[in-house]
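Trainee: Starting off with a structure, shown below.
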Amino acid sequence: MELRQLNYFLTLAETLSFSDAASKLFITQGTLSQQIKQLEAEVGTSLFFRTSHSVELTDAGKELLPLVQKTVETSIECKTKMKELTKEVSGTLYIGVTHSFSELIIKTLDIYVRKYPQVKLNIHYGTASELYDMLLEHKLDLILAFKPAVKYEDVESEQLFSCELGAVMNKNNPLAKKEKLTLDDLEKCKVILPGSGLQSRKAFERFVDVDTSHLNICAEANDIDIILKALVNTNMVSILSTLAIHLCPSLTAVPIEGIKRVMNGCIHYLKNTYKKRAATEFMKILHDNATIGRIMMETI
């Protein structure tokens, strides 16, 4: 049973399509079909149901799947560790990033790629929930995101900084001149909130000490860029992390009475899993006091 065949099996199990799997593997459908048949002959049973319209795992295939996943992951970790015994930081580092960390990752990249030119960085941008799922599936090495309200037992979090939620608005909004806003101030505004799956919304709902039922919530969006563009072009107000506006010079964030400082920016990674040297060195740069201090002062 070859590692290559196991990788073919995993890709087909993920896509449930010979054409899609062959495309991802950069081989022909015929080659993939032949390799799967050889694997089935070796284990002595069918692993996939095949029809002219669909592909599905058999019971045997479903039972084999987690074992193959573990075998392939262990093989990849072994190869990575063997390479790193030469003390050369190389390979591919997979990083997940949420919106508020985009400026931080850009500044860190500049330092990292100059110091470690042999490492290829693969950066995935998404919501925190999407990134946590990818981390738990071993598709990412690290995540840069705010600490979640619900603890993930298999995930370790190292804090980088803290920031607060604020009322984000166009600088031309009359409320932008105030040092702090009250709930009465917000009730006079049209409010656009981040969607329920975003961390700013979760923090807002969990830690706000005031009754927000009277707010004029005219819109919600699960995309921070949409919210920011709406704020740039209207007098609407949103509740976001103060870091969310770092690339929008026309916006400002005003503190709100009753909202605590609750947003902790962290590096997240899997517990009890081998950590690549490329990941360790990336984390060192993020933890460097001078570097992180300069970056965060420039983004707030």
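Following the order of the structure tokens, first chain is A, next is B, and so on, with residues numbered from 1 inside each chain and ligands from 1 in the order they appear.
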Looking only at strand (DSSP E) from DSSP on the backbone, list the matching residues of segment 104-211 of chain A as an NGL selection string.

Mentor: :A and (119-125 or 142-146 or 155-163 or 165-170 or 190-194)

Trainee: Got a sec to tell me which of segment 67-290 of chain A DSSP assigns to alpha helix (DSSP H), as number ranges by chain?

Mentor: A: 67-84, 102-115, 128-136, 183-187, 199-207, 224-233, 277-287, 289-290

Trainee: Give the answer as one residue: which of A:Arg4, A:Ala60, A:Leu67, A:Asn264 has the shortest atom-to-atom distance to Ile36 of chain A, using only C-alpha atoms?

Mentor: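 The closest residue to Ile36 of chain A is A:Arg4.
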
Trainee: Quick one: of A:Val155, A:Leu104, A:Phe282, A:His246, who's nearest to Lys120 of chain A, counting only C-alpha atoms?

Mentor: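 For Lys120 of chain A, the nearest of the given residues is A:Phe282.
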
Trainee: Leaving out Leu93 of chain A and any residue of its chain fewer than 2 positions from it, which residues lie within 8 Å of it when counting only C-alpha atoms, given as a list in words?

Mentor: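 Listed by chain and then number, they are Gly91, Ile95, Val119, Lys120, Leu121, Asn122, Leu140, Asp141, Ala278 and Ala279 of chain A.
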
Trainee: Excluding Cys248 of chain A and its own-chain neighbours fewer than 2 positions away, which residues fall within 12 Å of it when counting only C-alpha atoms? Please give them as a short mmCIF file (atom, residue, chain, number, x, y, z; two decimals) with N, CA, C and O atoms, in the first residue's frame.

Mentor:
data_model
loop_
_atom_site.label_atom_id
_atom_site.label_comp_id
_atom_site.auth_asym_id
_atom_site.auth_seq_id
_atom_site.Cartn_x
_atom_site.Cartn_y
_atom_site.Cartn_z
N SER A 100 -9.50 41.66 10.78
CA SER A 100 -8.81 42.63 11.64
C SER A 100 -7.31 42.42 11.69
O SER A 100 -6.57 43.30 12.15
N GLU A 103 -3.69 43.81 8.27
CA GLU A 103 -2.52 44.71 8.28
C GLU A 103 -1.36 44.08 9.03
O GLU A 103 -0.21 44.18 8.63
N VAL A 168 -18.10 52.44 15.14
CA VAL A 168 -17.33 52.83 13.96
C VAL A 168 -18.23 53.61 13.01
O VAL A 168 -19.36 53.20 12.74
N MET A 169 -17.71 54.72 12.50
CA MET A 169 -18.52 55.60 11.65
C MET A 169 -17.62 56.47 10.80
O MET A 169 -16.40 56.55 11.00
N ASN A 170 -18.25 57.14 9.83
CA ASN A 170 -17.55 58.12 9.00
C ASN A 170 -17.12 59.29 9.86
O ASN A 170 -17.86 59.73 10.75
N LYS A 171 -15.93 59.83 9.60
CA LYS A 171 -15.44 60.97 10.38
C LYS A 171 -16.32 62.21 10.22
O LYS A 171 -16.27 63.12 11.05
N ILE A 224 -17.08 41.94 6.57
CA ILE A 224 -16.64 43.21 7.16
C ILE A 224 -16.39 44.27 6.08
O ILE A 224 -16.68 45.45 6.28
N ASP A 225 -15.90 43.85 4.92
CA ASP A 225 -15.64 44.82 3.85
C ASP A 225 -16.92 45.53 3.41
O ASP A 225 -16.93 46.73 3.13
N ILE A 227 -19.54 46.09 5.30
CA ILE A 227 -19.89 47.03 6.37
C ILE A 227 -19.04 48.29 6.29
O ILE A 227 -19.55 49.41 6.38
N LEU A 228 -17.75 48.13 6.09
CA LEU A 228 -16.85 49.28 6.03
C LEU A 228 -17.19 50.19 4.85
O LEU A 228 -17.18 51.42 4.98
N LYS A 229 -17.50 49.60 3.71
CA LYS A 229 -17.87 50.41 2.54
C LYS A 229 -19.17 51.16 2.79
O LYS A 229 -19.33 52.32 2.37
N ALA A 230 -20.11 50.52 3.49
CA ALA A 230 -21.36 51.20 3.82
C ALA A 230 -21.11 52.38 4.75
O ALA A 230 -21.70 53.46 4.60
N LEU A 231 -20.20 52.20 5.70
CA LEU A 231 -19.89 53.28 6.65
C LEU A 231 -19.18 54.44 5.96
O LEU A 231 -19.39 55.60 6.31
N VAL A 232 -18.33 54.12 4.99
CA VAL A 232 -17.62 55.16 4.26
C VAL A 232 -18.59 56.04 3.48
O VAL A 232 -18.40 57.26 3.38
N ASN A 233 -19.65 55.43 2.97
CA ASN A 233 -20.55 56.15 2.06
C ASN A 233 -21.86 56.62 2.69
O ASN A 233 -22.68 57.24 2.01
N THR A 242 -11.76 47.96 17.04
CA THR A 242 -11.10 49.19 16.61
C THR A 242 -10.04 48.94 15.54
O THR A 242 -9.66 49.84 14.81
N LEU A 243 -9.58 47.70 15.43
CA LEU A 243 -8.58 47.37 14.40
C LEU A 243 -9.19 47.24 13.01
O LEU A 243 -8.47 47.25 12.02
N ALA A 244 -10.51 47.12 12.94
CA ALA A 244 -11.15 46.87 11.65
C ALA A 244 -11.02 48.04 10.69
O ALA A 244 -11.18 47.87 9.48
N ILE A 245 -10.72 49.22 11.21
CA ILE A 245 -10.72 50.42 10.36
C ILE A 245 -9.32 50.84 9.93
O ILE A 245 -9.14 51.92 9.38
N HIS A 246 -8.32 49.97 10.16
CA HIS A 246 -6.94 50.41 9.93
C HIS A 246 -6.64 50.77 8.48
O HIS A 246 -5.70 51.53 8.22
N SER A 250 -10.99 57.29 6.34
CA SER A 250 -12.16 58.15 6.48
C SER A 250 -13.07 57.71 7.62
O SER A 250 -14.07 58.37 7.91
N LEU A 251 -12.74 56.60 8.29
CA LEU A 251 -13.55 56.10 9.40
C LEU A 251 -12.85 56.32 10.73
O LEU A 251 -11.62 56.44 10.79
N THR A 252 -13.64 56.35 11.80
CA THR A 252 -13.10 56.47 13.15
C THR A 252 -13.91 55.58 14.08
O THR A 252 -15.02 55.17 13.75
N ALA A 253 -13.34 55.27 15.23
CA ALA A 253 -14.02 54.44 16.24
C ALA A 253 -14.14 55.24 17.53
O ALA A 253 -13.15 55.77 18.04
N THR A 299 -1.52 50.44 13.16
CA THR A 299 -2.81 50.00 12.65
C THR A 299 -3.99 50.56 13.42
O THR A 299 -5.10 50.59 12.92
N ILE A 300 -3.80 51.00 14.66
CA ILE A 300 -4.91 51.51 15.44
C ILE A 300 -5.19 52.97 15.09
O ILE A 300 -4.27 53.75 14.99
#

Trainee: Excluding segment 214-217 of chain A and any residue of its chain fewer than 4 positions from it, enumerate the residues within 12 Å of it, using only C-alpha atoms, and give them as a PyMOL selection string.

Mentor: chain A and resi 182-195+210+221+236-239

Trainee: At a cut-off of 10 Å, using only C-alpha atoms, what residues contact Gly96 of chain A? Leave out same-chain residues fewer than 4 positions from it and give the result as a PyMOL selection string.

Mentor: chain A and resi 101+105+122-128+130-132+134-135+139-145+267-268

Trainee: Excluding Pro255 of chain A and residues on its chain fewer than 6 positions from it, collect all residues at most 7 Å away from it, counting only C-alpha atoms, and give them as a ChimeraX atom specification.

Mentor: /A:166-167,180-181

Trainee: Record the distance separating atom CA of Ile111 of chain A and atom CA of Ser129 of chain A, expressed in Å with one decimal.

Mentor: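 Spanning atom CA of Ile111 of chain A to atom CA of Ser129 of chain A is a straight-line distance of 27.9 Å.
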